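In what follows, a single structure is set out as structure tokens and then discussed.
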Amino acid sequence: MSRANRNFIIAYILLVGLPIVGLVGVLRKGRSLTAPISVDGVWRVQADPVQVAALPCGKTLAFTPETALAISQSGRNFTLTLVNGPKSTGSGVLDGTSLKASVVSSATWSEEAGCGNGRELSLVATVDPKTDPRSLAGMLSVNNCPSCTSVEFHAVRLAPPAKKGSH
Amino acid sequence: MPDLSKLVLQIAVILVACRIVGTIFRKLGQPRVVGEMFAGILLGPSLLGWMAPGISAYLFPAASLGFLNALSQIGIVVFMFLVGLGINPKELKKHGHAAVLTSHVSITAPFVLAAFLSLYLYPKLSDDSVAFTSFALFMGAAMSITAFPVLARILTERDLLGSRLGTVAIACAAVDDVTGWCILAYIVVLIRSAHNPTSIWLTIGGIVAFALIMIYGVRRMLHRYETIYRERGQLSENLMALMLLLVLVSALCTEWLGIHLLFGSFLMGAIMPKEQKFVRYVLDRFETITVTLLLPLFFAFTGLRTNIGLVKGPDMWMYCGLIILVATVGKLGGSTVASWLSGMPLREAAGLGTLMNTRGLMELVILNIGLEIKVISPALFSMMVLMALFTTFMTTPILAIICPDRILREAPVRIPAQETPVATLAPADRISA
């Protein structure tokens with residue numbers, strides 16, 4: 001074996017072989033990591049539409065029996081939009097199985113929905129990770145409105161994503 | 001039914017934006033494609049949707065994006081065929097150990113660093129529906145990719161395709177892309193099989209069988225194309241249509257097998273005959289419409305999915321900075337060290353590392369697949385798009401500093417340019433810069 005070939009093999013082992021061994025170690029170590037619970041997807045929301053509409057800002061959600069909430073998750077943070085509903089978007093944070101979000105409506109809709117004076121809808125819920133599909137139970141309330149009552153809601157995730165690449 | 005007038009309006013706006021921003025970037029010394037990628041981001045929620053939400057909602061309502069996506073995907077299917085067409089594995093053999101070592105290190109270094117970074121990012125930017133293995137492998141594949149066509153474009157513009165630096169860079173980028181796509185195919189199989197009752201081994205078996213049929217069966221038949229071209233100096237419209245049909249069938253096969261459409265079109269391009277004039281002829285036929293019309297749609301669609309607003313707060317920007325740092329250190333650093341150890345002068349080795357750090361369009365293709373299969377979250381997608389833009393943008397100025405033309409012209413070795421023409425993101429080099 002020539003010197004050049006020997007040097008090449010040594011360099012290859014050091015620069016390619018060893019990192020691959022390291023990669024195997026990283027993949028093994030990573031298996032013990034836990035990521036935030038998944039809430040990404042479309043949720044069918046059930047709440048008393050009369051109670052929701054009675055809330056100041058309640059028209060922001062305009063619940064019907066077919067109301068669906070789309071959650072787009074990035075780690076602990078998520079954004080939510082109302083599918084087929086009025087122009088309302090929100091963002092929130094996930095802490096364990098607890099979920100907190102605020103929903104704001106577009107400027108034009110906000111007037112109509114009575115969301116003036118910096119009011120926005122607040123959503124606090126808990127995810128039940130054991131149910132399949134996952135379900136969510138919580139309360140809807142209005143910020144800056146001590147006299148307003150909270151409304152209970154329940155949501156079920158449609159077509160929950162399976163564990164991706166669990167092999 | 002699509003709203004045709006809306007679709008035409010969208011295409012017109014995208015083309016105008018891409019041409020304007022592309023021209024500005026050209027004046028800044030950047031390849032036009034970098035400007036077009038940037039234009040896509042400007043049309044999305046990161047700028048237009050943020051500054052003029054009404055106009056954005058009118059131009060790009062969510063319901064209309066499916067048609068734009070379909071058109072852009074067809075463009076990418078054809079483009080991946082052209083990328084595969086320009087890849088010639090024989091090029092690597094010409095450069096011996098140096099190119100083999102450099103190309104392999106330029107994959108493993110960013111891959112392993114990305115996996116280490118995943119240990120930190122997974123609990124912060126992912127969720128429990130994604131397995132760590134998939135997340136880490138995807139991050140590795142995404143960080144180790146090199147934008148073969150953008151690289152070829154930069155080398156062409158600087159008249160470096162025939163230099164030692166240029167030929168080694170092209171050979172290494174080709175290996176990187178093929179390897180990156182193989183790894184990505186595995187990840188897609190891994191993820192899709194989790195949703196599918198079909199065994200993963202059955203899927204992998206099907207893919208291997210398909211690849212063998214393509215390489216040892218279809219490839220031989222494709223040589224007939226080259227023979228006909230040599231005899232007649234051109235290919236009939238029927239033959240060109242058949243070629244396109246084969247690309248689509250191959251793409252459909254890989255989609256049915258559980259990986260992505262793009263793998264099939266890439267493979268079809270890779271097994272096409274590699275005779276120089278034949279490849280140039282095919283590229284000339286397909287590049288113009290793909291590069292000037294369909295790719296901008298893909299950039300715009302990517303931009304519409306990219307929301308830089310999701311990267312908010314110091315923590316998120318720190319993650320983004322870390323991603324850019326790790327991607328650059330892994331790719332630029334790894335390639336530089338490997339080529340320097342292989343005997344290349346340090347300055348040229350650093351130039352090669354800089355070139356290999358170009359991710360550009362190929363990165364966007366991979367990231368879109370990642371977002372589609374939900375292995376990365378929207379915020380991580382946006383960070384990775386920023387990383388792709390940053391690493392691509394930095395290539396030209398850093399290369400000019402590290403390897404001024406004067407030094408490269410004085411380089412002792414001038415190797416014949418790559419035998420096979422490559423898709424350079426400038427249709428047939430005819431469209432004015």
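Letters A, B, ... mark the chains of the structure tokens in the order given; residue numbers begin at 1 per chain; ligand numbers begin at 1, in order shown.
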Which chain A residues are at most 10 Å from chain B (counting only C-alpha atoms), as a VMD selection string?
-> chain A and resid 4 to 5 7 to 9 11 to 12 14 to 40 72 to 79 106 160 to 167
Could you state the separation of atom CA of Ile401 of chain B and atom CA of Val175 of chain B in Å, given to one decimal place?
-> 26.5 Å
Tell me, in Å to one decimal, how far atom CA of Ile20 of chain B is from atom CA of Val34 of chain B.
-> 12.0 Å
With only C-alpha atoms as the atoms that count, which of B:Leu239, B:Leu332, B:Val279, B:Met383 lies nearest to Met318 of chain B?
-> B:Met383
DSSP on the backbone: what in segment 6-46 of chain A comes out strand (DSSP E), as a ChimeraX atom specification?
-> /A:41-46
Could the residues in this selection be written to a file with N, CA and C atoms, as a PDB file, in the first residue's frame?
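Generated file (result-v6.pdb):
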```
ATOM      1  N   GLY A  41     -52.750  20.385  14.289  1.00  0.00           N
ATOM      2  CA  GLY A  41     -53.814  19.759  13.510  1.00  0.00           C
ATOM      3  C   GLY A  41     -55.122  20.524  13.609  1.00  0.00           C
ATOM      4  N   VAL A  42     -56.151  19.894  13.097  1.00  0.00           N
ATOM      5  CA  VAL A  42     -57.476  20.535  13.100  1.00  0.00           C
ATOM      6  C   VAL A  42     -58.318  19.914  14.217  1.00  0.00           C
ATOM      7  N   TRP A  43     -58.945  20.774  15.009  1.00  0.00           N
ATOM      8  CA  TRP A  43     -59.745  20.327  16.144  1.00  0.00           C
ATOM      9  C   TRP A  43     -61.207  20.707  15.930  1.00  0.00           C
ATOM     10  N   ARG A  44     -62.092  19.766  16.162  1.00  0.00           N
ATOM     11  CA  ARG A  44     -63.528  20.084  16.096  1.00  0.00           C
ATOM     12  C   ARG A  44     -63.940  20.576  17.490  1.00  0.00           C
ATOM     13  N   VAL A  45     -64.448  21.800  17.529  1.00  0.00           N
ATOM     14  CA  VAL A  45     -64.732  22.430  18.825  1.00  0.00           C
ATOM     15  C   VAL A  45     -66.224  22.381  19.129  1.00  0.00           C
ATOM     16  N   GLN A  46     -66.527  21.992  20.363  1.00  0.00           N
ATOM     17  CA  GLN A  46     -67.915  21.979  20.816  1.00  0.00           C
ATOM     18  C   GLN A  46     -68.049  22.887  22.031  1.00  0.00           C
TER      19      GLN A  46
END
```
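Neighbouring residues of Gly269 of chain B at 10 Å or closer, counting only C-alpha atoms and skipping chain neighbours under 4 positions away, are B:Val78, B:Phe79, B:Met80, B:Phe81, B:Leu82, B:Val83, B:Gly84, B:Leu85, B:Gly86, B:Ile87, B:Met243, B:Val247, B:Phe263, B:Gly264, B:Ser265, B:Pro273, B:Lys274, B:Val279.
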What does the file look like for those residues with C-alpha atoms, as a PDB file, in the first residue's frame?
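Contents of result_5.pdb, freshly written:
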```pdb
ATOM      1  CA  VAL B  78     -38.939  18.795 -14.321  1.00  0.00           C
ATOM      2  CA  PHE B  79     -36.156  20.725 -12.615  1.00  0.00           C
ATOM      3  CA  MET B  80     -35.056  17.722 -10.565  1.00  0.00           C
ATOM      4  CA  PHE B  81     -34.903  15.744 -13.808  1.00  0.00           C
ATOM      5  CA  LEU B  82     -32.560  18.403 -15.203  1.00  0.00           C
ATOM      6  CA  VAL B  83     -30.427  18.317 -12.060  1.00  0.00           C
ATOM      7  CA  GLY B  84     -30.154  14.526 -12.324  1.00  0.00           C
ATOM      8  CA  LEU B  85     -29.341  14.880 -16.019  1.00  0.00           C
ATOM      9  CA  GLY B  86     -26.374  17.115 -15.201  1.00  0.00           C
ATOM     10  CA  ILE B  87     -24.912  14.764 -12.635  1.00  0.00           C
ATOM     11  CA  MET B 243     -39.005  11.628 -22.397  1.00  0.00           C
ATOM     12  CA  VAL B 247     -40.041  11.435 -16.126  1.00  0.00           C
ATOM     13  CA  PHE B 263     -36.940  11.129  -6.305  1.00  0.00           C
ATOM     14  CA  GLY B 264     -38.337   9.507  -9.441  1.00  0.00           C
ATOM     15  CA  SER B 265     -37.691  12.513 -11.651  1.00  0.00           C
ATOM     16  CA  PRO B 273     -27.115   9.284 -21.316  1.00  0.00           C
ATOM     17  CA  LYS B 274     -24.377  11.745 -20.392  1.00  0.00           C
ATOM     18  CA  VAL B 279     -27.330  16.717 -22.427  1.00  0.00           C
TER      19      VAL B 279
END
```
What lies within 10 Å of segment 227-229 of chain B using only C-alpha atoms, ignoring chain neighbours under 2 positions off, as a ChimeraX atom specification?
-> /B:222-225,231-236,239,273,277-278,281
Check the DSSP output for the backbone and give back, as a VMD selection string, the residues of segment 8-157 of chain A in helix (DSSP H, G or I).
-> chain A and resid 8 to 30 49 to 54 58 to 60 107 to 112
Contacts of Val151 of chain A within 7 Å, only C-alpha atoms, excl. fewer than 2 positions in-chain, as a list in words = Gln51, Val52, Met139, Leu140, Ser141, Thr149 and Phe153 of chain A
Saved selection, atoms kept: C-alpha atoms, as a short mmCIF file (atom, residue, chain, number, x, y, z; two decimals), in the first residue's frame:
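Below you can see out-v1.cif, which holds the result:
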```
data_model
loop_
_atom_site.label_atom_id
_atom_site.label_comp_id
_atom_site.auth_asym_id
_atom_site.auth_seq_id
_atom_site.Cartn_x
_atom_site.Cartn_y
_atom_site.Cartn_z
CA GLN A 51 -73.11 31.31 25.60
CA VAL A 52 -70.18 32.04 23.28
CA MET A 139 -62.56 27.60 29.19
CA LEU A 140 -63.08 30.61 26.98
CA SER A 141 -63.08 34.02 28.61
CA THR A 149 -68.60 34.68 32.54
CA PHE A 153 -65.59 24.07 25.58
#
```
Might you pull out every residue within 6 Å of Thr126 of chain A, with only C-alpha atoms counted and same-chain residues fewer than 2 positions away left off, and present them as a PyMOL selection string?
-> chain A and resi 97-99+136-137
Take the selection from the previous step and output its residues with C-alpha atoms, as a PDB file, in the first residue's frame.
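The new file out_36.pdb reads:
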```
ATOM      1  CA  THR A  97     -50.435  19.536  28.915  1.00  0.00           C
ATOM      2  CA  SER A  98     -51.791  23.038  29.553  1.00  0.00           C
ATOM      3  CA  LEU A  99     -52.501  25.311  26.681  1.00  0.00           C
ATOM      4  CA  LEU A 136     -58.939  19.218  24.718  1.00  0.00           C
ATOM      5  CA  ALA A 137     -61.105  20.635  27.484  1.00  0.00           C
TER       6      ALA A 137
END
```
Find the residues around Cys172 of chain B up to 7 Å (only C-alpha atoms counted), leave out those fewer than 3 positions away in its own chain, and share them as a list in words.
->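 Once the adjacent positions are removed, what remains is Ala99, Thr102, Ser103, Val168, Ala169, Val175 and Asp176 of chain B.
Minimum atom-to-atom distance to Phe67 of chain B, evaluated using only C-alpha atoms, belongs to B:Val8 out of B:Leu246, B:Leu367, B:Val8, B:Ala388.
Between atom CA of Ile259 of chain B and atom CA of Thr146 of chain B the interatomic distance comes to 20.8 Å.
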